[in-house]
Amino acid sequence: MRGAALHNIRAELVARLRARCGEIEDTVYNRVLKMADPVEGDDPEYRAYLRATVAESIDYALLGIERGEEWEGTIPEAAAVQARRAARNGVKLDAILRRYAAGDRLVGEFVVDEAAKLPNEAMRHLMRAQGPHVDRMMASVATEYMDELERIRRSPAQRIAERVQRLLASDSPVDAAGLDYELDAWHLGVVVTGSRSDVTARTLAAGLNRQALVVAQGNDSAWAWLGGRERLAVIEVERYQAAGVLGNATLAVGEPRHGLEGWRLTHYEARAAQQVMLRRPQALIQASDVVLLAAVLRDDLLAKSLRATYLAPLDDHGDSGLGLRETLRAYFDAGFNAATAAAVLEVDRHTVQRRLRKVEEALGRLLHACHAELEVALVLEELDREVEKARLGAATST
């Protein structure tokens, strides 16, 4: 069938259908209304929107028949509004789509009735054109519905959390509007762990007279930033926590930093400190005290290297390897003072010095050149022992 002839048939058919638009609209509306969810059926506003949706959807279907299967018109605005409204009212999507399928069948019956005398070839063209438009309509309605559900899901707290994530991830300027938090200021990043951690974080900020930006991470953890025009020293946080206002909450704290980059850095410092806290529970841990250890904990191969380089050689001394470790810990805790370490160990100063020389011989290097690595290796060993002890305890209890 030639294009011109088919075009004329379509135009004539649609003209006859438009003449019956009132009848078609009433039929479809009454059928769909019977399929309404109870929460919708008694709502006058719903009925008005439904009537408008039916009318615009029928017009969309007729345009599809008139212009052919290649036409890709935008779905009616009333249909989009109704889909969003249904999502807000808790109506299931499959119920919405069943209504469109029912409406399509009814419109199809009117088309068949009016096209009964058309040639079979023309009928096939018309029916083939209708299918893609219906599919496109239902897909668009489903998209509007799901988008509205997503908007509902994204509560103000969730939108803030998403914006914070974008700010943390981006090296370029990001719109911070809506955070209600000044980024061009001093910041102290804190990870709060414990029951109602987000409330604890806000309590901490209020007690220190600081602006708060808080993002909950599940039920028992929260990221927080304490902001202000003046630098906040970590000791002020320690003093406030010591007052007992925060209950049993634990705090992993970064370093005071300024501006957007500082806002990011202090947060990463707090999270790094939290990784240490997970292995060594304590009320408050400050990033600057554990920065090397935190870095090593992020890299299993580096941790293994430290143990192999700085602790394994001590094991070659048999049981005395434990004594060398004990001496090293006391020496480091005493601020590299051999006499103080000797007093703690209840030995004389010369014994401590002999043990330290034995360590240097085992390692093949002077202590002052590797004390930081040794300290971290010793702490790693302690943490591993504590984790294993906790694991065995848990296994025994079960």
# chains A, B, ... in the order shown; residues from 1 in each chain; ligands from 1

$ residues_around --residues "Leu374 in chain A" --least-positions-apart "6" --cutoff "9 Å" --atoms "only C-alpha atoms" --output "list in words"
Leu306, Arg307, Tyr310, Leu311, Leu328 and Leu367 of chain A

$ residues_around --residues "Ser221 in chain A" --least-positions-apart "4" --cutoff "8 Å" --atoms "only C-alpha atoms" --output "PyMOL selection string"
chain A and resi 191-198+216-217

$ select_by_dssp --residues "range 212-365 of chain A" --states "strand (DSSP E)" --output "JSON, numbers by chain"
{"A": [212, 213, 214, 215, 216, 221, 222, 223, 224, 225, 226, 227, 228, 250, 251, 252, 253, 257, 258, 284, 285, 286]}

$ write_last_selection --atoms "C-alpha atoms" --output "tab-separated table (two decimals), in the first residue's frame"
chain	number	residue	atom	x	y	z
A	212	ALA	CA	28.02	20.68	62.72
A	213	LEU	CA	27.85	18.65	59.53
A	214	VAL	CA	26.80	15.08	60.35
A	215	VAL	CA	26.26	12.09	58.05
A	216	ALA	CA	24.99	8.90	59.67
A	221	SER	CA	28.50	5.24	63.35
A	222	ALA	CA	28.51	8.79	62.00
A	223	TRP	CA	30.90	11.04	60.11
A	224	ALA	CA	31.03	14.54	61.54
A	225	TRP	CA	32.77	17.83	60.87
A	226	LEU	CA	33.04	20.49	63.58
A	227	GLY	CA	33.43	23.86	61.88
A	228	GLY	CA	34.16	27.40	62.94
A	250	THR	CA	34.14	6.59	70.99
A	251	LEU	CA	35.75	9.26	68.82
A	252	ALA	CA	38.32	8.97	66.05
A	253	VAL	CA	39.60	12.48	65.39
A	257	ARG	CA	42.39	21.83	58.88
A	258	HIS	CA	41.17	24.85	56.92
A	284	LEU	CA	39.40	8.78	71.75
A	285	ILE	CA	42.11	8.33	69.17
A	286	GLN	CA	43.84	11.15	67.31

$ closest_residue --among "A:Ala185, A:Arg47, A:Arg357, A:Gln241" --to "Leu208 in chain A" --atoms "only C-alpha atoms"
A:Gln241

$ closest_residue --among "A:Arg349, A:Arg280, A:Arg202, A:Arg355" --to "Gly321 in chain A" --atoms "only C-alpha atoms"
A:Arg355

$ residues_around --residues "range 176-181 of chain A" --least-positions-apart "6" --cutoff "12 Å" --atoms "only C-alpha atoms" --output "number ranges by chain"
A: 156-168, 170, 187, 210-215, 224-229, 259-260, 263

$ select_by_dssp --residues "range 70-212 of chain A" --states "helix (DSSP H, G or I)" --output "PyMOL selection string"
chain A and resi 77-89+93-114+120-153+156-169+197-207

$ decode --residues "range 314-329 of chain A" --atoms "C-alpha atoms" --output "tab-separated table (two decimals), in the first residue's frame"
chain	number	residue	atom	x	y	z
A	314	LEU	CA	64.61	-10.84	66.79
A	315	ASP	CA	63.10	-14.33	66.72
A	316	ASP	CA	66.53	-15.76	65.87
A	317	HIS	CA	67.46	-15.10	69.49
A	318	GLY	CA	64.96	-17.65	70.77
A	319	ASP	CA	63.17	-16.80	74.00
A	320	SER	CA	65.32	-13.72	74.40
A	321	GLY	CA	63.46	-12.29	71.41
A	322	LEU	CA	60.50	-11.70	73.72
A	323	GLY	CA	62.81	-9.89	76.16
A	324	LEU	CA	64.16	-7.72	73.35
A	325	ARG	CA	60.62	-6.78	72.33
A	326	GLU	CA	59.70	-5.94	75.93
A	327	THR	CA	62.80	-3.78	76.27
A	328	LEU	CA	62.10	-1.96	73.02
A	329	ARG	CA	58.52	-1.16	74.09
